$ cat structure24.txt   # compact mmCIF, C-alpha atoms
# COMPACT_ATOMS: atom_id res chain seq x y z
CA MET A 1 0.00 0.00 0.00
CA GLN A 2 2.87 2.40 0.85
CA ASP A 3 4.29 1.72 -2.63
CA SER A 4 1.36 3.47 -4.34
CA ILE A 5 1.45 6.77 -2.37
CA VAL A 6 2.82 9.62 -4.52
CA ARG A 7 5.55 11.53 -2.67
CA TRP A 8 8.59 13.70 -3.32
CA PHE A 9 11.76 11.59 -3.28
CA PRO A 10 15.19 13.28 -3.29
CA MET A 11 17.69 11.36 -5.40
CA ARG A 12 21.44 11.85 -5.51
CA ILE A 13 23.26 12.02 -8.84
CA PHE A 14 26.37 9.91 -8.35
CA HIS A 15 29.59 10.96 -10.14
CA SER A 16 28.24 13.46 -12.61
CA SER A 17 29.53 13.52 -16.18
CA VAL A 18 28.52 15.16 -19.48
CA LYS A 19 26.87 11.95 -20.74
CA ARG A 20 24.98 11.45 -17.50
CA GLN A 21 23.91 15.11 -17.41
CA SER A 22 22.45 14.77 -20.93
CA GLU A 23 20.59 11.61 -19.87
CA LEU A 24 19.35 13.45 -16.79
CA ASN A 25 18.19 16.39 -18.92
CA GLU A 26 16.32 13.88 -21.09
CA LEU A 27 14.68 12.45 -17.96
CA LEU A 28 13.75 15.96 -16.77
CA LEU A 29 12.09 16.66 -20.14
CA GLN A 30 10.32 13.31 -20.45
CA GLU A 31 9.05 12.93 -16.89
CA SER A 32 6.87 15.74 -15.59
CA SER A 33 7.28 14.20 -12.14
CA VAL A 34 11.02 14.92 -12.00
CA GLU A 35 12.07 18.36 -10.74
CA ARG A 36 15.29 20.19 -10.19
CA THR A 37 15.44 23.36 -8.11
CA TYR A 38 17.09 26.41 -9.66
CA ILE A 39 18.35 29.72 -8.31
CA PRO A 40 18.93 32.91 -10.30
CA GLN A 41 22.55 33.92 -10.75
CA SER A 42 23.70 37.28 -12.11
CA LEU A 43 26.06 37.27 -15.05
CA VAL A 44 29.34 39.16 -14.67
CA ASP A 45 29.16 42.76 -15.98
CA SER A 46 25.48 42.41 -16.85
CA ASP A 47 22.03 42.92 -15.35
CA GLU A 48 20.94 39.65 -16.96
CA LYS A 49 20.34 36.57 -14.83
CA ILE A 50 20.57 32.90 -15.65
CA TYR A 51 19.13 30.01 -13.65
CA VAL A 52 21.53 27.39 -12.36
CA PRO A 53 20.73 24.23 -10.39
CA THR A 54 20.51 24.84 -6.65
CA LEU A 55 21.55 21.32 -5.81
CA VAL A 56 23.86 20.13 -8.56
CA ASN A 57 23.95 16.54 -7.33
CA TYR A 58 20.23 16.13 -6.55
CA ILE A 59 16.89 15.87 -8.30
CA PHE A 60 13.42 15.44 -6.78
CA VAL A 61 11.05 12.83 -8.16
CA HIS A 62 7.30 13.18 -7.51
CA ALA A 63 6.12 9.61 -7.87
CA SER A 64 5.14 6.48 -6.02
CA GLN A 65 7.88 4.15 -4.82
CA LYS A 66 6.74 1.68 -7.48
CA ASN A 67 7.21 4.29 -10.27
CA LEU A 68 10.52 5.35 -8.75
CA ARG A 69 11.76 1.76 -8.95
CA GLU A 70 10.66 1.62 -12.62
CA ILE A 71 12.74 4.71 -13.42
CA LYS A 72 15.72 3.23 -11.57
CA ALA A 73 15.22 -0.12 -13.36
CA ASP A 74 16.52 1.42 -16.60
CA LYS A 75 20.07 0.74 -15.40
CA ALA A 76 21.67 1.60 -18.71
CA LYS A 77 20.55 5.23 -18.38
CA TYR A 78 19.97 5.88 -14.70
CA ASP A 79 22.41 3.68 -12.80
CA HIS A 80 24.01 6.90 -11.49
CA LEU A 81 20.85 7.89 -9.57
CA ARG A 82 20.98 6.88 -5.92
CA TYR A 83 18.24 6.80 -3.33
CA VAL A 84 18.63 9.15 -0.37
CA MET A 85 18.09 6.99 2.68
CA ASP A 86 16.36 7.97 5.91
CA VAL A 87 18.06 6.15 8.75
CA GLY A 88 16.27 6.05 12.08
CA CYS A 89 15.00 3.89 14.92
CA ASP A 90 11.56 2.46 15.61
CA LYS A 91 9.80 2.63 19.00
CA ALA A 92 11.85 -0.32 20.27
CA PHE A 93 15.05 1.51 19.23
CA ARG A 94 15.81 -0.99 16.47
CA PRO A 95 17.66 0.66 13.58
CA PHE A 96 15.96 0.75 10.19
CA SER A 97 16.57 2.35 6.83
CA LYS A 98 14.01 3.42 4.25
CA ILE A 99 13.93 5.61 1.16
CA ALA A 100 13.69 9.24 2.28
CA TYR A 101 10.80 11.37 1.09
CA VAL A 102 9.71 14.99 1.58
CA PRO A 103 6.10 15.91 2.50
CA ASP A 104 4.25 17.84 -0.24
CA LYS A 105 3.80 21.08 1.76
CA GLN A 106 7.46 21.13 2.82
CA MET A 107 8.61 20.55 -0.77
CA ALA A 108 6.26 23.25 -2.13
CA ASP A 109 7.57 25.74 0.44
CA PHE A 110 11.19 24.76 -0.27
CA MET A 111 10.78 25.22 -4.04
CA ARG A 112 8.87 28.49 -3.60
CA VAL A 113 11.60 29.95 -1.38
CA ILE A 114 14.45 28.71 -3.60
CA ASP A 115 12.79 29.97 -6.81
CA SER A 116 12.17 33.45 -5.38
CA GLY A 117 15.77 34.58 -5.87
CA ASN A 118 15.26 36.83 -2.85
CA GLU A 119 18.32 38.35 -1.17
CA HIS A 120 16.99 37.23 2.23
CA VAL A 121 17.21 33.55 1.29
CA ILE A 122 20.34 31.60 2.23
CA MET A 123 21.34 27.96 1.76
CA ILE A 124 22.35 25.98 4.82
CA GLU A 125 24.55 22.95 4.37
CA ASN A 126 24.93 22.29 8.12
CA LEU A 127 22.04 19.84 8.46
CA GLY A 128 22.96 19.09 12.06
CA PHE A 129 21.97 22.66 12.89
CA ALA A 130 19.12 23.02 10.38
CA CYS A 131 17.31 19.83 11.45
CA LYS A 132 17.48 20.46 15.21
CA PRO A 133 14.08 20.85 16.84
CA GLY A 134 12.68 24.33 17.27
CA ASP A 135 9.38 26.18 17.24
CA ARG A 136 7.34 25.42 14.12
CA VAL A 137 6.04 28.66 12.59
CA ARG A 138 4.04 29.92 9.63
CA ILE A 139 4.79 33.25 7.93
CA THR A 140 1.55 35.28 7.88
CA ASN A 141 2.45 38.26 5.68
CA GLY A 142 4.81 39.33 2.91
CA LEU A 143 6.44 37.56 -0.01
CA PHE A 144 6.63 34.23 1.81
CA GLU A 145 3.13 34.25 3.33
CA GLY A 146 2.01 30.69 4.09
CA VAL A 147 5.52 29.20 4.18
CA GLU A 148 6.09 26.93 7.18
CA GLY A 149 9.38 26.12 8.82
CA THR A 150 11.39 26.02 12.02
CA LEU A 151 12.35 29.20 13.85
CA LYS A 152 16.13 29.59 14.29
CA SER A 153 18.57 32.34 15.12
CA ILE A 154 21.39 32.67 12.60
CA LYS A 155 24.04 35.29 13.38
CA LYS A 156 21.55 36.98 15.73
CA HIS A 157 18.91 37.24 12.97
CA LEU A 158 15.50 35.61 13.26
CA CYS A 159 15.14 33.06 10.44
CA VAL A 160 12.60 30.53 9.23
CA VAL A 161 14.41 27.35 8.17
CA ILE A 162 12.96 24.77 5.77
CA PRO A 163 15.11 21.63 5.94
CA ILE A 164 15.07 18.78 3.45
CA LYS A 165 16.38 16.00 5.67
CA ASN A 166 19.62 14.37 4.45
CA VAL A 167 19.93 16.89 1.58
CA MET A 168 20.10 20.59 2.59
CA ALA A 169 18.10 23.44 4.06
CA VAL A 170 17.09 26.94 3.08
CA ALA A 171 16.55 29.83 5.48
CA ILE A 172 14.56 33.03 5.12
CA THR A 173 16.41 35.72 7.07
CA ASN A 174 15.13 38.88 8.73
CA VAL A 175 11.52 37.78 9.11
CA PRO A 176 9.70 40.29 11.37
CA ARG A 177 8.43 38.59 14.52
CA LYS A 178 4.96 40.10 13.97
CA TYR A 179 4.67 38.03 10.74
CA LEU A 180 5.25 34.72 12.53
CA GLN A 181 2.50 32.47 13.85
CA LYS A 182 3.43 29.50 16.01
CA ILE A 183 2.10 26.16 14.73
CA GLU A 184 0.93 23.89 17.51
CA ASP A 185 2.08 20.27 17.37
CA GLU A 186 -0.44 17.96 15.75

$ encode --input "structure24.txt" --output "structure tokens"
Amino acid sequence: MQDSIVRWFPMRIFHSSVKRQSELNELLLQESSVERTYIPQSLVDSDEKIYVPTLVNYIFVHASQKNLREIKADKAKYDHLRYVMDVGCDKAFRPFSKIAYVPDKQMADFMRVIDSGNEHVIMIENLGFACKPGDRVRITNGLFEGVEGTLKSIKKHLCVVIPIKNVMAVAITNVPRKYLQKIEDE
């Protein structure tokens, strides 16, 4: 039953090469369920911007686990795609490992923040810090209204952090406290 639920799965691109990048671009064009996040980057000596991949070694696949296995089954083309694993413990503290996935709302917020190209958005590679527990909040006004994340203090600035476990996190800096609403635990 879990195999048929459509979710966002982060996948790592192992040892990138020109040939593999072209195959990946083909996959991105063929499969509407495969996404890559992009950020705007200014060109030198120009006001023009180009979009470059945010996470060079990752793509996100919106599919069921069954469909994900079918994509991976084409070993000739996609043997360089690796599952991102979520390692944890069950209630009896027995270790387990499963394919990591990102909830729809969290992924939508992550992509919205990344795609904004806003100067108040920073990437966080320190997942130990980004994934630590904190107050869950929702932004109630402004450009990022509706975005949910964890409240953190980064260099004495109030930030809303949206982590993608085992991949990376993005933080919105300088969010006025009056625009934050605490989300009670469900």

$ residues_around --input "structure24.txt" --residues "Tyr58 of chain A" --least-positions-apart "4" --cutoff "7 Å" --atoms "all atoms listed in the file" --output "JSON list (two decimals) with C-alpha atoms, keeping the file's coordinate frame"
[["chain", "number", "residue", "atom", "x", "y", "z"],
["A", 10, "PRO", "CA", 15.19, 13.28, -3.29],
["A", 11, "MET", "CA", 17.69, 11.36, -5.40],
["A", 12, "ARG", "CA", 21.44, 11.85, -5.51],
["A", 13, "ILE", "CA", 23.26, 12.02, -8.84]]

$ closest_residue --input "structure24.txt" --among "A:Ala100, A:Cys159, A:Ala73, A:Ala108" --to "Asp86 of chain A" --atoms "all atoms listed in the file"
A:Ala100

$ residues_near_point --input "structure24.txt" --point "(18.2, 33.9, 14.1)" --cutoff "10 Å" --atoms "all atoms listed in the file" --output "CSV table (one decimal) with C-alpha atoms, keeping the file's coordinate frame"
chain,number,residue,atom,x,y,z
A,151,LEU,CA,12.4,29.2,13.8
A,152,LYS,CA,16.1,29.6,14.3
A,153,SER,CA,18.6,32.3,15.1
A,154,ILE,CA,21.4,32.7,12.6
A,155,LYS,CA,24.0,35.3,13.4
A,156,LYS,CA,21.6,37.0,15.7
A,157,HIS,CA,18.9,37.2,13.0
A,158,LEU,CA,15.5,35.6,13.3
A,159,CYS,CA,15.1,33.1,10.4
A,160,VAL,CA,12.6,30.5,9.2
A,161,VAL,CA,14.4,27.4,8.2
A,171,ALA,CA,16.6,29.8,5.5
A,172,ILE,CA,14.6,33.0,5.1
A,173,THR,CA,16.4,35.7,7.1
A,174,ASN,CA,15.1,38.9,8.7
A,175,VAL,CA,11.5,37.8,9.1

$ residues_around --input "structure24.txt" --residues "Cys131 of chain A" --least-positions-apart "2" --cutoff "8 Å" --atoms "all atoms listed in the file" --output "list in words"
Leu127, Gly128, Phe129, Pro133, Pro163 and Lys165 of chain A

$ closest_residue --input "structure24.txt" --among "A:Met123, A:Val102, A:Leu81, A:Val113" --to "Val6 of chain A" --atoms "only C-alpha atoms"
A:Val102

$ residues_around --input "structure24.txt" --residues "Met168 of chain A" --least-positions-apart "6" --cutoff "9 Å" --atoms "only C-alpha atoms" --output "list in words"
Leu55, Met123, Ile124, Glu125, Asn126, Leu127, Ala130 and Ile162 of chain A

$ closest_residue --input "structure24.txt" --among "A:Leu180, A:Val87, A:Leu68, A:Ala169" --to "Lys132 of chain A" --atoms "all atoms listed in the file"
A:Ala169

$ atom_distance --input "structure24.txt" --atom1 "atom CA of Glu119 of chain A" --atom2 "atom CA of Gly142 of chain A"
14.1 Å

$ decode --input "structure24.txt" --residues "segment 96-173 of chain A" --atoms "C-alpha atoms" --output "PDB file, in the first residue's frame"
ATOM      1  CA  PHE A  96      15.956   0.749  10.188  1.00  0.00           C
ATOM      2  CA  SER A  97      16.570   2.347   6.833  1.00  0.00           C
ATOM      3  CA  LYS A  98      14.013   3.416   4.248  1.00  0.00           C
ATOM      4  CA  ILE A  99      13.935   5.606   1.164  1.00  0.00           C
ATOM      5  CA  ALA A 100      13.688   9.236   2.277  1.00  0.00           C
ATOM      6  CA  TYR A 101      10.795  11.374   1.088  1.00  0.00           C
ATOM      7  CA  VAL A 102       9.706  14.985   1.576  1.00  0.00           C
ATOM      8  CA  PRO A 103       6.099  15.910   2.502  1.00  0.00           C
ATOM      9  CA  ASP A 104       4.248  17.839  -0.243  1.00  0.00           C
ATOM     10  CA  LYS A 105       3.798  21.083   1.758  1.00  0.00           C
ATOM     11  CA  GLN A 106       7.457  21.132   2.821  1.00  0.00           C
ATOM     12  CA  MET A 107       8.609  20.553  -0.768  1.00  0.00           C
ATOM     13  CA  ALA A 108       6.264  23.247  -2.129  1.00  0.00           C
ATOM     14  CA  ASP A 109       7.569  25.736   0.444  1.00  0.00           C
ATOM     15  CA  PHE A 110      11.188  24.760  -0.265  1.00  0.00           C
ATOM     16  CA  MET A 111      10.783  25.222  -4.040  1.00  0.00           C
ATOM     17  CA  ARG A 112       8.868  28.489  -3.595  1.00  0.00           C
ATOM     18  CA  VAL A 113      11.598  29.954  -1.376  1.00  0.00           C
ATOM     19  CA  ILE A 114      14.450  28.706  -3.605  1.00  0.00           C
ATOM     20  CA  ASP A 115      12.794  29.972  -6.806  1.00  0.00           C
ATOM     21  CA  SER A 116      12.172  33.451  -5.377  1.00  0.00           C
ATOM     22  CA  GLY A 117      15.774  34.578  -5.874  1.00  0.00           C
ATOM     23  CA  ASN A 118      15.259  36.833  -2.852  1.00  0.00           C
ATOM     24  CA  GLU A 119      18.322  38.351  -1.175  1.00  0.00           C
ATOM     25  CA  HIS A 120      16.986  37.230   2.226  1.00  0.00           C
ATOM     26  CA  VAL A 121      17.209  33.549   1.288  1.00  0.00           C
ATOM     27  CA  ILE A 122      20.337  31.596   2.234  1.00  0.00           C
ATOM     28  CA  MET A 123      21.342  27.961   1.759  1.00  0.00           C
ATOM     29  CA  ILE A 124      22.346  25.982   4.819  1.00  0.00           C
ATOM     30  CA  GLU A 125      24.553  22.952   4.375  1.00  0.00           C
ATOM     31  CA  ASN A 126      24.929  22.291   8.120  1.00  0.00           C
ATOM     32  CA  LEU A 127      22.041  19.837   8.457  1.00  0.00           C
ATOM     33  CA  GLY A 128      22.958  19.089  12.058  1.00  0.00           C
ATOM     34  CA  PHE A 129      21.970  22.659  12.890  1.00  0.00           C
ATOM     35  CA  ALA A 130      19.119  23.016  10.384  1.00  0.00           C
ATOM     36  CA  CYS A 131      17.313  19.834  11.445  1.00  0.00           C
ATOM     37  CA  LYS A 132      17.480  20.459  15.206  1.00  0.00           C
ATOM     38  CA  PRO A 133      14.081  20.849  16.841  1.00  0.00           C
ATOM     39  CA  GLY A 134      12.684  24.334  17.269  1.00  0.00           C
ATOM     40  CA  ASP A 135       9.379  26.183  17.239  1.00  0.00           C
ATOM     41  CA  ARG A 136       7.336  25.415  14.124  1.00  0.00           C
ATOM     42  CA  VAL A 137       6.043  28.660  12.591  1.00  0.00           C
ATOM     43  CA  ARG A 138       4.041  29.923   9.625  1.00  0.00           C
ATOM     44  CA  ILE A 139       4.795  33.254   7.934  1.00  0.00           C
ATOM     45  CA  THR A 140       1.551  35.285   7.877  1.00  0.00           C
ATOM     46  CA  ASN A 141       2.452  38.260   5.678  1.00  0.00           C
ATOM     47  CA  GLY A 142       4.807  39.328   2.913  1.00  0.00           C
ATOM     48  CA  LEU A 143       6.437  37.559  -0.015  1.00  0.00           C
ATOM     49  CA  PHE A 144       6.627  34.226   1.809  1.00  0.00           C
ATOM     50  CA  GLU A 145       3.132  34.248   3.331  1.00  0.00           C
ATOM     51  CA  GLY A 146       2.012  30.690   4.088  1.00  0.00           C
ATOM     52  CA  VAL A 147       5.524  29.197   4.179  1.00  0.00           C
ATOM     53  CA  GLU A 148       6.090  26.930   7.182  1.00  0.00           C
ATOM     54  CA  GLY A 149       9.384  26.117   8.822  1.00  0.00           C
ATOM     55  CA  THR A 150      11.394  26.019  12.022  1.00  0.00           C
ATOM     56  CA  LEU A 151      12.353  29.198  13.852  1.00  0.00           C
ATOM     57  CA  LYS A 152      16.128  29.588  14.290  1.00  0.00           C
ATOM     58  CA  SER A 153      18.574  32.344  15.123  1.00  0.00           C
ATOM     59  CA  ILE A 154      21.394  32.670  12.603  1.00  0.00           C
ATOM     60  CA  LYS A 155      24.038  35.294  13.383  1.00  0.00           C
ATOM     61  CA  LYS A 156      21.552  36.982  15.731  1.00  0.00           C
ATOM     62  CA  HIS A 157      18.909  37.238  12.974  1.00  0.00           C
ATOM     63  CA  LEU A 158      15.500  35.606  13.262  1.00  0.00           C
ATOM     64  CA  CYS A 159      15.139  33.063  10.441  1.00  0.00           C
ATOM     65  CA  VAL A 160      12.604  30.528   9.234  1.00  0.00           C
ATOM     66  CA  VAL A 161      14.414  27.350   8.168  1.00  0.00           C
ATOM     67  CA  ILE A 162      12.959  24.770   5.766  1.00  0.00           C
ATOM     68  CA  PRO A 163      15.109  21.630   5.943  1.00  0.00           C
ATOM     69  CA  ILE A 164      15.074  18.778   3.449  1.00  0.00           C
ATOM     70  CA  LYS A 165      16.378  16.000   5.671  1.00  0.00           C
ATOM     71  CA  ASN A 166      19.617  14.374   4.453  1.00  0.00           C
ATOM     72  CA  VAL A 167      19.927  16.894   1.575  1.00  0.00           C
ATOM     73  CA  MET A 168      20.101  20.588   2.593  1.00  0.00           C
ATOM     74  CA  ALA A 169      18.096  23.440   4.055  1.00  0.00           C
ATOM     75  CA  VAL A 170      17.094  26.940   3.076  1.00  0.00           C
ATOM     76  CA  ALA A 171      16.551  29.834   5.478  1.00  0.00           C
ATOM     77  CA  ILE A 172      14.559  33.030   5.115  1.00  0.00           C
ATOM     78  CA  THR A 173      16.407  35.716   7.067  1.00  0.00           C
TER      79      THR A 173
END
